[in-house]
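The next block holds one structure in the form of structure tokens; read it before the comments.
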Amino acid sequence: MSKGRVEAFSDGVFAVAITILVFNVRAPNVPSGQLWHALGAQWPTYAAYVASFMTIGIMWINHHAMFERIARVDRPLLMLNLLLLMAIVLVPFPTQMMGDFIPRGGADARAAATVYGALGVTIAIFYGLLWTYALTHPILLIPQLDAAAALGASWRFLFGFVMYLACIPLAQVSPIAVVFLLAAAAIYYAFERLPEIDT
């Protein structure tokens, strides 16, 4: 299978996942004259939507950057990429739960935020496995890539893993804080980059 076909399929999955997010933002069903108040009360839904949209968008950008450094694919890399996409397309599920349950508070809000944190950990693991597999199989990488610099960049996946892992205990204290930590992780990955390609 060509690398281009893998990227096209991956782009399609990212597009579906990011589009599904908007279906979690629903107009409230309220009596006449209560709409503004109800819209304001839904702010955790909007916050979860923005955090998840940015998270998936940055993941798509970084996935593209990763595949810029991969010259060819083999079956194990395809399977690892498929596992990553399986996790990413699930992001709208905990996003909806957080939007629905965080405003209510209590155990359900903590459970929803915990599920989101656990999914983030899973995605970080799959990203790390995909990159590590490519690095340990140099035949898959483009020749212009500085292998030593690429290996040094592997810690960035560990950082994401730690941030998402921190969401799980944080969810037990403040579920809404998980949304802001997820947004912070997305901002971090927007600026943290893989090594440049030698020209």
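Each chain of the structure tokens is named A, B, ... in the order shown, its residues numbered from 1; ligands are numbered from 1 in display order.
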Give the alpha helix (DSSP H) residues of segment 15-45 of chain A, as assigned by DSSP on the backbone, as a ChimeraX atom specification.
/A:15-20,35-41,43-45
For segment 171-179 of chain A, please output as a tab-separated table (two decimals) with N, CA, C and O atoms, in the first residue's frame all residues within 10 Å (counting only C-alpha atoms; exclusion window: fewer than 2 positions along the same chain).
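Everything below was put into result.tsv:
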```
chain	number	residue	atom	x	y	z
A	44	PRO	N	-20.00	24.53	29.61
A	44	PRO	CA	-19.07	23.40	29.59
A	44	PRO	C	-19.12	22.60	28.29
A	44	PRO	O	-18.10	22.05	27.86
A	45	THR	N	-20.29	22.57	27.66
A	45	THR	CA	-20.40	21.88	26.37
A	45	THR	C	-19.55	22.59	25.32
A	45	THR	O	-18.85	21.95	24.54
A	47	ALA	N	-16.95	24.54	25.91
A	47	ALA	CA	-15.54	24.38	26.28
A	47	ALA	C	-15.02	23.01	25.87
A	47	ALA	O	-13.91	22.89	25.34
A	48	ALA	N	-15.83	21.97	26.09
A	48	ALA	CA	-15.42	20.61	25.71
A	48	ALA	C	-15.30	20.51	24.19
A	48	ALA	O	-14.37	19.87	23.68
A	49	TYR	N	-16.22	21.16	23.46
A	49	TYR	CA	-16.16	21.15	22.00
A	49	TYR	C	-14.88	21.81	21.50
A	49	TYR	O	-14.17	21.25	20.65
A	50	VAL	N	-14.55	22.99	22.02
A	50	VAL	CA	-13.36	23.71	21.58
A	50	VAL	C	-12.10	22.92	21.91
A	50	VAL	O	-11.20	22.76	21.06
A	51	ALA	N	-12.03	22.39	23.13
A	51	ALA	CA	-10.85	21.62	23.53
A	51	ALA	C	-10.67	20.39	22.65
A	51	ALA	O	-9.56	20.07	22.21
A	52	SER	N	-11.78	19.70	22.36
A	52	SER	CA	-11.70	18.49	21.54
A	52	SER	C	-11.40	18.81	20.08
A	52	SER	O	-10.65	18.10	19.42
A	95	THR	N	-16.35	13.59	24.77
A	95	THR	CA	-16.67	15.02	24.65
A	95	THR	C	-18.15	15.24	24.94
A	95	THR	O	-18.53	16.17	25.67
A	98	MET	N	-18.84	14.73	28.66
A	98	MET	CA	-18.42	15.86	29.50
A	98	MET	C	-19.39	17.02	29.35
A	98	MET	O	-19.73	17.69	30.34
A	99	GLY	N	-19.83	17.29	28.12
A	99	GLY	CA	-20.79	18.36	27.92
A	99	GLY	C	-22.11	18.11	28.62
A	99	GLY	O	-22.75	19.04	29.11
A	101	PHE	N	-22.60	15.90	31.37
A	101	PHE	CA	-22.57	15.58	32.80
A	101	PHE	C	-21.79	16.57	33.67
A	101	PHE	O	-22.06	16.68	34.86
A	102	ILE	N	-20.83	17.30	33.08
A	102	ILE	CA	-20.08	18.25	33.91
A	102	ILE	C	-21.00	19.33	34.50
A	102	ILE	O	-20.85	19.69	35.67
A	103	PRO	N	-21.97	19.87	33.73
A	103	PRO	CA	-22.85	20.88	34.36
A	103	PRO	C	-23.63	20.33	35.54
A	103	PRO	O	-24.00	21.08	36.45
A	105	GLY	N	-22.48	18.01	37.66
A	105	GLY	CA	-21.57	17.75	38.77
A	105	GLY	C	-21.71	16.34	39.30
A	105	GLY	O	-22.41	15.49	38.73
A	106	GLY	N	-21.01	16.05	40.39
A	106	GLY	CA	-21.13	14.77	41.05
A	106	GLY	C	-20.31	13.66	40.40
A	106	GLY	O	-19.39	13.91	39.61
A	107	ALA	N	-20.67	12.43	40.76
A	107	ALA	CA	-19.92	11.25	40.32
A	107	ALA	C	-19.92	11.09	38.81
A	107	ALA	O	-18.92	10.65	38.22
A	108	ASP	N	-21.04	11.43	38.15
A	108	ASP	CA	-21.11	11.28	36.70
A	108	ASP	C	-20.15	12.23	35.98
A	108	ASP	O	-19.53	11.85	34.98
A	109	ALA	N	-20.03	13.44	36.49
A	109	ALA	CA	-19.08	14.39	35.90
A	109	ALA	C	-17.66	13.88	36.05
A	109	ALA	O	-16.85	13.95	35.11
A	110	ARG	N	-17.34	13.32	37.21
A	110	ARG	CA	-16.00	12.77	37.43
A	110	ARG	C	-15.75	11.57	36.52
A	110	ARG	O	-14.65	11.42	35.98
A	111	ALA	N	-16.77	10.74	36.33
A	111	ALA	CA	-16.62	9.58	35.46
A	111	ALA	C	-16.38	10.00	34.01
A	111	ALA	O	-15.52	9.45	33.32
A	112	ALA	N	-17.13	11.00	33.54
A	112	ALA	CA	-16.98	11.47	32.15
A	112	ALA	C	-15.58	12.03	31.92
A	112	ALA	O	-14.94	11.72	30.90
A	113	ALA	N	-15.08	12.84	32.85
A	113	ALA	CA	-13.75	13.41	32.71
A	113	ALA	C	-12.67	12.33	32.80
A	113	ALA	O	-11.65	12.41	32.11
A	114	THR	N	-12.90	11.30	33.62
A	114	THR	CA	-11.95	10.20	33.73
A	114	THR	C	-11.85	9.43	32.43
A	114	THR	O	-10.76	9.06	31.98
A	115	VAL	N	-13.01	9.18	31.81
A	115	VAL	CA	-13.02	8.48	30.52
A	115	VAL	C	-12.24	9.27	29.48
A	115	VAL	O	-11.47	8.70	28.69
A	116	TYR	N	-12.43	10.60	29.48
A	116	TYR	CA	-11.70	11.42	28.51
A	116	TYR	C	-10.20	11.33	28.76
A	116	TYR	O	-9.41	11.18	27.83
A	117	GLY	N	-9.79	11.42	30.02
A	117	GLY	CA	-8.37	11.31	30.34
A	117	GLY	C	-7.80	9.97	29.92
A	117	GLY	O	-6.70	9.89	29.36
A	163	MET	N	0.58	14.31	30.65
A	163	MET	CA	-0.49	15.30	30.77
A	163	MET	C	-1.86	14.63	30.78
A	163	MET	O	-2.73	14.97	31.60
A	164	TYR	N	-2.06	13.68	29.88
A	164	TYR	CA	-3.35	12.99	29.83
A	164	TYR	C	-3.54	12.12	31.05
A	164	TYR	O	-4.65	12.00	31.57
A	166	ALA	N	-2.43	12.77	33.95
A	166	ALA	CA	-2.77	13.68	35.06
A	166	ALA	C	-4.26	14.04	35.06
A	166	ALA	O	-4.80	14.42	36.10
A	167	CYS	N	-4.91	13.91	33.91
A	167	CYS	CA	-6.34	14.21	33.84
A	167	CYS	C	-7.17	13.25	34.69
A	167	CYS	O	-8.24	13.61	35.19
A	168	ILE	N	-6.67	12.02	34.87
A	168	ILE	CA	-7.46	11.01	35.59
A	168	ILE	C	-7.61	11.37	37.07
A	168	ILE	O	-8.75	11.45	37.57
A	169	PRO	N	-6.51	11.64	37.81
A	169	PRO	CA	-6.73	12.08	39.20
A	169	PRO	C	-7.37	13.47	39.29
A	169	PRO	O	-8.15	13.75	40.20
A	181	LEU	N	-7.02	21.47	30.94
A	181	LEU	CA	-5.74	20.78	30.78
A	181	LEU	C	-5.63	20.18	29.38
A	181	LEU	O	-4.56	20.22	28.77
A	182	LEU	N	-6.73	19.67	28.86
A	182	LEU	CA	-6.74	19.15	27.48
A	182	LEU	C	-6.45	20.27	26.49
A	182	LEU	O	-5.70	20.08	25.52
A	183	ALA	N	-7.03	21.43	26.72
A	183	ALA	CA	-6.77	22.58	25.85
A	183	ALA	C	-5.29	22.98	25.93
A	183	ALA	O	-4.67	23.30	24.92
A	184	ALA	N	-4.72	22.94	27.14
A	184	ALA	CA	-3.30	23.27	27.31
A	184	ALA	C	-2.41	22.27	26.57
A	184	ALA	O	-1.41	22.65	25.96
A	185	ALA	N	-2.79	21.00	26.60
A	185	ALA	CA	-2.03	19.99	25.87
A	185	ALA	C	-2.07	20.25	24.37
A	185	ALA	O	-1.06	20.12	23.67
```
Quick one, how far is atom CA of Ile123 of chain A from atom CA of Ala87 of chain A?
5.9 Å
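Counting only C-alpha atoms, the residue from A:Pro138, A:Leu145, A:Leu130, A:Phe53 that sits nearest to Arg75 of chain A is A:Leu130.
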Separating atom CA of Phe14 of chain A from atom CA of Trp60 of chain A, to the nearest tenth of an Å, is a gap of 6.5 Å
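Closest approach to Ile88 of chain A from the set A:Ala15, A:Ala150, A:Ala8, A:Val73 is made by A:Ala15, with distances taken over only C-alpha atoms.
Compared by their closest atoms to Val89 of chain A, and using only C-alpha atoms, the residues A:Tyr46, A:Gly12, A:Ser2, A:Val25 rank with A:Gly12 nearest.
Counting only C-alpha atoms, the residue from A:Thr136, A:Val16, A:Leu39, A:Pro31 that sits nearest to Met86 of chain A is A:Val16.
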Where does DSSP see strand (DSSP E or B) in chain A, if you list the residues as a PyMOL selection string?
chain A and resi 70+141+145+197
Could you write those residues out with C-alpha atoms, as a PDB file, in the first residue's frame?
```
ATOM      1  CA  ILE A  70       8.069   8.375   6.751  1.00  0.00           C
ATOM      2  CA  LEU A 141      12.092   6.763   7.132  1.00  0.00           C
ATOM      3  CA  LEU A 145      15.795  12.724   8.551  1.00  0.00           C
ATOM      4  CA  ILE A 197      13.958  17.594   7.602  1.00  0.00           C
TER       5      ILE A 197
END
```
Show which residues sit within 9 Å of Leu80 of chain A, as a PyMOL selection string. Count only C-alpha atoms, and ignore same-chain residues fewer than 5 positions away.
chain A and resi 75+85+126-127+129-130+133
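You can rank A:Phe191, A:Ile139, A:Gly4, A:Leu158 by their closest distance to Glu68 of chain A using only C-alpha atoms, and at the top of that list sits A:Gly4.
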